[in-house]
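J.: Dropping the structure in here first, questions after.
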Amino acid sequence: MGKRALISVSDKTGITAFAKELTEAGYEIISTGGTLKTIQEAGIAAIAIDEVTGFPEIMDGRVKTLHPKVHGGLLGKRSNPNHMQQMEENEINPIDMVVVNLYPFKQTLLKEGVSKEEIIENIDIGGPTMLRSAAKNFEDVVVVVNPADYDAVLDAAKKDELSIELRQQLAAKVFQHTANYDAMIAGYFAEQTGEEFPETYTVTYEKVQNLRYGENPHQIAAFYAAPLRDGVSLASAEQLHGKELSYNNIQDANAALEIIQEYDMPAAVAVKHMNPCGIGIARDLSDAFKLAYDADPVSIFGGIVALNREVDKQTAEQLSEIFLEIVLAPDFTEEAKEILTRKKNIRLLALDTMRSQAIAHKLTTVSGGALIQHQDTGQVVSNDLEVVTKRKPTEQEVEDLLFAWKAVKHVKSNAIVLAKDNQTVGVGAGQMNRVGSAKIAIEQAGEKAKGSVLASDAFFPMPDTVEYAIKAGVTAIIQPGGSKRDQDSIDVCDEHGIAMVYTSMRHFKH
């Protein structure tokens with residue numbers, strides 16, 4: 001008996017040409033439903049699955065390939081005499097190739113207004129089962145799940161060179177594909193049942209691109225995206241200019257994206273090593289960028305800039321005066337693009353930075369495991385602030401305090417941010433003690449520290465940070481509160497007429 005190929009695909013891209021060449025290579029085609037109709041309408045000989053099984057497709061197509069004559073033909077080991085004898089006794093013929101892709105579950109979930117019934121009906125059962133059967137028996141069965149592999153499989157089939165190495169590579173793709181498919185289904189049901197952290201946590205990502213290297217040249221790396229991402233995502237950005245993004249570029253750009261989304265007014269954020277080195281907001285984008293630049297004109301060199309308005313000519317001219325790795329913005333005017341693309345190496349990324357990010361889990365790998373938590377989407381408004389000192393902050397101080405609080409949330413702990421007039425003037429990040437971060441921020445601010453406000457991502461265990469800030473000229477402080485020695489810091493503030501407010505919310509970032 002000649003070779004047989006079972007073809008049943010939802011994505012029919014290139015299937016008629018593939019089936020035609022398979023028949024020319026000596027394969028008999030078995031097919032199902034819409035795939036059978038497509039193949040036959042193209043003038044290609046094919047037989048229906050029910051002619052093989054002797055059983056009709058039933059239940060609106062829910063049951064058609066789940067049959068011993070299908071799976072026996074896939075799972076029977078050709079080298080096992082007992083298998084071959086049982087196949088003969090049960091009139092089961094071998095199937096040598098399976099070409100299957102699955103009901104579009106991902107695309108169905110992403111459809112606007114989709115019903116639960118439609119989602120459930122797009123959970124493929126027969127397809128994954130055939131794929132897994134064929135992949136398990138890859139030594140005897142060639143399995144193709146991706147149309148991108150059609151040409152390579154045809155070339156090998158025509159030359160009768162479907163090697164064990166190729167078969168195993170194709171089988172590996174199948175199990176990767178079905179794992180991805182099942183992970184999306186598991187995620188859907190977990191969401192429907194409200195199970196936040198199930199006993200087994202399954203996630204899946206799809207490759208966007210290989211990267212030249214990771215954080216350092218001796219580390220290999222790749223960039224993956226969540227298949228069902230909702231809201232704004234760096235993986236959805238359109239690159240308008242410049243060379244490929246690096247691992248560090250992506251990390252920094254994502255940090256910049258998260259920060260820029262804190263601000264509603266025209267804003268500019270400069271990021272270096274995943275920490276903001278300058279943030280400014282103003283009525284005009286170019287003024288906002290000037291504030292971000294002036295906040296730290298040294299550290300911004302070679303950094304990432306994110307903006308939340310279309311980049312115009314004036315802003316582009318300012319951006320072009322310094323070396324930047326990436327500019328991320330909702331869009332660029334033609335004049336702005338003409339100015340910025342004169343620089344060969346700058347990357348321009350277009351992404352709707354005004355669109356909010358979906359609340360998602362944050363996953364961090366540790367040796368042999370992972371930590372999973374909600375993203376930090378906590379926010380504070382003026383009505384949430386608790387004034388704990390005798391002096392209340394002025395209206396301008398409250399504005400600056402909230403501005404600084406949004407910034408300190410995105411600075412590595414221990415974190416201190418000084419701000420004044422909608423501009424960060426000093427950032428202290430990642431020190432082993434809080435006063436160390438304060439010293440860095442105050443030293444960076446210099447004379448700008450006078451009349452500024454200070455934000456701390458966590459409480460003060462002792463009053464030394466407050467004392468140091470007061471000496472520098474800070475007039476108001478925002479912090480979570482909650483230390484056993486809170487009163488010591490309050491007393492120091494009251495002694496010097498400084499305002500302090502509590503948020504009752506901590507923003508550690510490790």
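Residue numbers start at 1 in each chain; chains themselves are named A, B, ... in the order of the structure tokens; ligands are numbered from 1 in the order shown.
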Report as an MDAnalysis selection string all protein, DNA and RNA residues lying within 6 Å of range 477-489 of chain A, evaluated on only C-alpha atoms, omitting residues in the same chain fewer than 6 positions from it.
T.: chainID A and resid 453:456 458:459 461 463 500:506
J.: Taking C-alpha atoms for each residue, export the selection above as an mmCIF file, in the first residue's frame.
T.:
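Writing done, so here's again_5.cif:
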```cif
data_model
loop_
_atom_site.group_PDB
_atom_site.id
_atom_site.type_symbol
_atom_site.label_atom_id
_atom_site.label_comp_id
_atom_site.auth_asym_id
_atom_site.auth_seq_id
_atom_site.Cartn_x
_atom_site.Cartn_y
_atom_site.Cartn_z
ATOM 1 C CA VAL A 453 10.027 67.729 48.124
ATOM 2 C CA LEU A 454 11.254 64.227 48.938
ATOM 3 C CA ALA A 455 9.591 60.880 48.231
ATOM 4 C CA SER A 456 10.682 57.650 49.907
ATOM 5 C CA ALA A 458 9.329 52.881 52.217
ATOM 6 C CA PHE A 459 9.200 54.195 55.780
ATOM 7 C CA PRO A 461 13.371 53.260 60.373
ATOM 8 C CA PRO A 463 15.055 60.011 61.532
ATOM 9 C CA MET A 500 5.123 65.225 55.990
ATOM 10 C CA VAL A 501 2.356 63.031 54.597
ATOM 11 C CA TYR A 502 1.765 59.279 54.723
ATOM 12 C CA THR A 503 0.454 57.180 51.817
ATOM 13 C CA SER A 504 -0.029 53.885 53.720
ATOM 14 C CA MET A 505 1.352 52.240 50.578
ATOM 15 C CA ARG A 506 4.867 50.948 50.060
#
```
J.: As a ChimeraX atom specification, which residues of range 47-262 of chain A does DSSP assign to strand (DSSP E)?
T.: /A:47-48,97-101,142-144,206-211,221-225,238-241
J.: Determine, counting only C-alpha atoms, which protein, DNA and RNA residues have an atom within 7 Å of an atom of range 23-27 of chain A; residues of the same chain fewer than 5 positions away are not included. Present the result as JSON, numbers by chain.
T.: {"A": [2, 3, 4, 5, 158]}
J.: Find the residues around Ala226 in chain A up to 7 Å (only C-alpha atoms counted), leave out those fewer than 3 positions away in its own chain, and share them as a list in words.
T.: Thr204, Tyr205, Glu206 and Arg229 of chain A
J.: Next, the residues of the selection above should be written as a compact mmCIF listing (two decimals), in the first residue's frame with N, CA, C and O atoms.
T.:
```txt
# COMPACT_ATOMS: atom_id res chain seq x y z
N THR A 204 2.78 30.74 28.82
CA THR A 204 3.36 30.47 27.52
C THR A 204 3.72 31.79 26.84
O THR A 204 3.02 32.80 27.02
N TYR A 205 4.80 31.78 26.11
CA TYR A 205 5.25 32.96 25.37
C TYR A 205 5.65 32.54 23.95
O TYR A 205 6.04 31.39 23.73
N GLU A 206 5.53 33.47 23.03
CA GLU A 206 5.86 33.19 21.63
C GLU A 206 7.04 34.06 21.22
O GLU A 206 7.08 35.26 21.52
N ARG A 229 -1.59 39.06 25.17
CA ARG A 229 -1.37 40.32 25.88
C ARG A 229 -2.51 41.31 25.61
O ARG A 229 -3.02 41.41 24.50
```
J.: Please provide the set of residues having any atom within 10 Å of range 275-286 of chain A, restricted to only C-alpha atoms, with same-chain residues fewer than 6 positions apart removed, written as an NGL selection string.
T.: :A and (252 or 255-256 or 259-260 or 263-269 or 292-300 or 303-319 or 403-404 or 407-408 or 410-412 or 417 or 419-430)
J.: Compare A:Ile490, A:Ile470, A:Ile416, A:Leu102 by their minimum atom-to-atom distance to Phe508 in chain A, counting only C-alpha atoms, and give me the closest one.
T.: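 Distance minimum relative to Phe508 in chain A lands on A:Ile416.
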J.: Which one is closest to Arg167 in chain A: A:Asn210, A:Leu234, A:Val98, A:Val203? Count only C-alpha atoms.
T.: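 Of A:Asn210, A:Leu234, A:Val98, A:Val203, the one nearest Arg167 in chain A, counting only C-alpha atoms, is A:Val98.
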J.: Neighbours of Ala172 in chain A within 12 Å (only C-alpha atoms; same-chain residues fewer than 5 positions away dropped), as a ChimeraX atom specification?
T.: /A:131-132,134-138,142-146,165-167,177-179
J.: Keeping only all heavy atoms, write the selected residues to a file as a compact mmCIF listing (two decimals), in the first residue's frame.
T.:
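Output contents, as saved in result-v3.txt:
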```
# COMPACT_ATOMS: atom_id res chain seq x y z
N LEU A 131 -2.07 15.24 16.54
CA LEU A 131 -0.70 15.75 16.55
C LEU A 131 0.15 15.01 17.58
O LEU A 131 1.29 14.61 17.30
CB LEU A 131 -0.70 17.25 16.88
CG LEU A 131 -1.15 18.20 15.77
CD1 LEU A 131 -1.28 19.62 16.32
CD2 LEU A 131 -0.16 18.18 14.61
N ARG A 132 -0.40 14.79 18.76
CA ARG A 132 0.37 14.13 19.82
C ARG A 132 0.63 12.66 19.48
O ARG A 132 1.71 12.14 19.75
CB ARG A 132 -0.37 14.27 21.15
CG ARG A 132 -0.35 15.69 21.70
CD ARG A 132 -1.26 15.84 22.91
NE ARG A 132 -0.86 14.97 23.99
CZ ARG A 132 0.09 15.27 24.88
NH1 ARG A 132 0.72 16.44 24.81
NH2 ARG A 132 0.40 14.43 25.84
N ALA A 134 0.88 11.37 16.45
CA ALA A 134 1.89 11.34 15.38
C ALA A 134 3.27 11.70 15.91
O ALA A 134 4.28 11.08 15.55
CB ALA A 134 1.48 12.28 14.25
N ALA A 135 3.31 12.72 16.79
CA ALA A 135 4.60 13.15 17.32
C ALA A 135 5.21 12.09 18.23
O ALA A 135 6.44 11.90 18.24
CB ALA A 135 4.43 14.47 18.08
N LYS A 136 4.39 11.41 18.99
CA LYS A 136 4.89 10.32 19.83
C LYS A 136 5.55 9.24 18.97
O LYS A 136 6.57 8.66 19.36
CB LYS A 136 3.76 9.72 20.66
CG LYS A 136 4.20 8.54 21.52
CD LYS A 136 3.08 8.05 22.42
CE LYS A 136 3.57 6.84 23.25
NZ LYS A 136 2.55 6.40 24.24
N ASN A 137 4.96 8.98 17.81
CA ASN A 137 5.47 7.93 16.92
C ASN A 137 6.26 8.53 15.76
O ASN A 137 6.15 8.11 14.62
CB ASN A 137 4.30 7.09 16.39
CG ASN A 137 4.75 5.74 15.88
OD1 ASN A 137 5.79 5.22 16.28
ND2 ASN A 137 3.96 5.15 14.99
N PHE A 138 7.09 9.56 16.08
CA PHE A 138 7.78 10.31 15.04
C PHE A 138 8.74 9.45 14.22
O PHE A 138 9.06 9.80 13.08
CB PHE A 138 8.53 11.50 15.64
CG PHE A 138 9.70 11.12 16.52
CD1 PHE A 138 10.97 10.94 15.97
CD2 PHE A 138 9.54 10.96 17.88
CE1 PHE A 138 12.05 10.60 16.77
CE2 PHE A 138 10.61 10.62 18.69
CZ PHE A 138 11.88 10.43 18.14
N VAL A 142 5.55 11.34 9.97
CA VAL A 142 5.98 12.73 9.83
C VAL A 142 4.81 13.62 10.23
O VAL A 142 3.68 13.41 9.77
CB VAL A 142 6.39 13.04 8.37
CG1 VAL A 142 6.79 14.51 8.22
CG2 VAL A 142 7.52 12.12 7.94
N VAL A 143 5.06 14.60 11.10
CA VAL A 143 3.98 15.45 11.59
C VAL A 143 4.32 16.91 11.32
O VAL A 143 5.41 17.37 11.64
CB VAL A 143 3.69 15.18 13.09
CG1 VAL A 143 4.93 15.42 13.95
CG2 VAL A 143 2.52 16.01 13.58
N VAL A 144 3.37 17.63 10.74
CA VAL A 144 3.60 19.02 10.34
C VAL A 144 2.51 19.89 10.96
O VAL A 144 1.33 19.72 10.65
CB VAL A 144 3.59 19.19 8.80
CG1 VAL A 144 4.03 20.60 8.42
CG2 VAL A 144 4.47 18.14 8.14
N VAL A 145 2.90 20.83 11.82
CA VAL A 145 1.94 21.70 12.48
C VAL A 145 2.02 23.13 11.98
O VAL A 145 1.08 23.91 12.14
CB VAL A 145 2.14 21.65 14.01
CG1 VAL A 145 3.41 22.37 14.42
CG2 VAL A 145 0.95 22.22 14.75
N ASN A 146 3.12 23.49 11.34
CA ASN A 146 3.34 24.88 10.92
C ASN A 146 3.45 24.96 9.39
O ASN A 146 4.32 24.31 8.80
CB ASN A 146 4.63 25.40 11.57
CG ASN A 146 4.81 26.90 11.39
OD1 ASN A 146 4.24 27.51 10.48
ND2 ASN A 146 5.60 27.50 12.27
N GLU A 165 16.20 12.84 12.09
CA GLU A 165 16.49 14.15 12.69
C GLU A 165 15.38 15.14 12.36
O GLU A 165 14.91 15.87 13.24
CB GLU A 165 17.84 14.67 12.21
CG GLU A 165 19.05 13.91 12.72
CD GLU A 165 19.31 12.63 11.93
OE1 GLU A 165 18.72 12.46 10.83
OE2 GLU A 165 20.11 11.81 12.41
N LEU A 166 14.96 15.17 11.09
CA LEU A 166 13.88 16.07 10.68
C LEU A 166 12.58 15.69 11.38
O LEU A 166 11.84 16.55 11.87
CB LEU A 166 13.71 16.03 9.17
CG LEU A 166 12.54 16.86 8.61
CD1 LEU A 166 12.71 18.33 8.95
CD2 LEU A 166 12.40 16.67 7.10
N ARG A 167 12.28 14.41 11.45
CA ARG A 167 11.05 13.95 12.08
C ARG A 167 11.00 14.37 13.55
O ARG A 167 9.97 14.79 14.07
CB ARG A 167 10.96 12.42 11.98
CG ARG A 167 10.74 11.88 10.57
CD ARG A 167 11.01 10.38 10.52
NE ARG A 167 10.88 9.85 9.19
CZ ARG A 167 9.78 9.25 8.73
NH1 ARG A 167 8.72 9.11 9.51
NH2 ARG A 167 9.73 8.79 7.50
N HIS A 177 3.93 23.41 20.40
CA HIS A 177 2.69 24.05 19.93
C HIS A 177 1.49 23.66 20.79
O HIS A 177 0.69 24.51 21.20
CB HIS A 177 2.45 23.66 18.47
CG HIS A 177 1.29 24.35 17.84
ND1 HIS A 177 1.34 25.67 17.43
CD2 HIS A 177 0.02 23.93 17.55
CE1 HIS A 177 0.17 26.02 16.92
NE2 HIS A 177 -0.64 24.98 16.98
N THR A 178 1.36 22.36 21.10
CA THR A 178 0.21 21.94 21.90
C THR A 178 0.34 22.42 23.35
O THR A 178 -0.67 22.71 24.00
CB THR A 178 0.05 20.40 21.87
OG1 THR A 178 1.26 19.77 22.29
CG2 THR A 178 -0.31 19.92 20.47
N ALA A 179 1.57 22.52 23.85
CA ALA A 179 1.76 23.07 25.20
C ALA A 179 1.33 24.53 25.23
O ALA A 179 0.66 24.98 26.19
CB ALA A 179 3.22 22.94 25.62
```
J.: As a PyMOL selection string, please: every residue in range 151-259 of chain A that DSSP puts in helix (DSSP H, G or I).
T.: chain A and resi 151-158+164-193+234-236+247-259
J.: Report, in Å with one decimal, the straight-line distance from CA of His67 in chain A to CA of Val52 in chain A.
T.: 9.6 Å
J.: How far is it from CA of Val100 in chain A to CA of Gln86 in chain A, in Å with one decimal?
T.: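 That distance, rounded to one decimal, is 26.0 Å.
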J.: Please identify every residue of range 290-372 of chain A that has at least one atom no farther than 9 Å from an atom of range 237-241 of chain A, counting only C-alpha atoms, and for each give the shortest atom pair and the distance in Å to one decimal, arranged by chain then increasing number, as a Markdown table.
T.:
```
| residue | atom | partner | partner_atom | distance |
| --- | --- | --- | --- | --- |
| A:Leu328 | CA | A:Ala237 | CA | 8.7 |
| A:Lys337 | CA | A:Leu240 | CA | 8.7 |
| A:Leu340 | CA | A:His241 | CA | 8.9 |
| A:Thr341 | CA | A:His241 | CA | 6.6 |
| A:Lys344 | CA | A:His241 | CA | 8.2 |
| A:Asn345 | CA | A:His241 | CA | 8.3 |
| A:Ile346 | CA | A:His241 | CA | 7.1 |
| A:Arg347 | CA | A:His241 | CA | 5.3 |
| A:Leu348 | CA | A:His241 | CA | 5.1 |
| A:Leu349 | CA | A:Gln239 | CA | 4.5 |
| A:Ala350 | CA | A:Glu238 | CA | 5.1 |
| A:Leu351 | CA | A:Ala237 | CA | 4.9 |
| A:Asp352 | CA | A:Ala237 | CA | 8.2 |
```
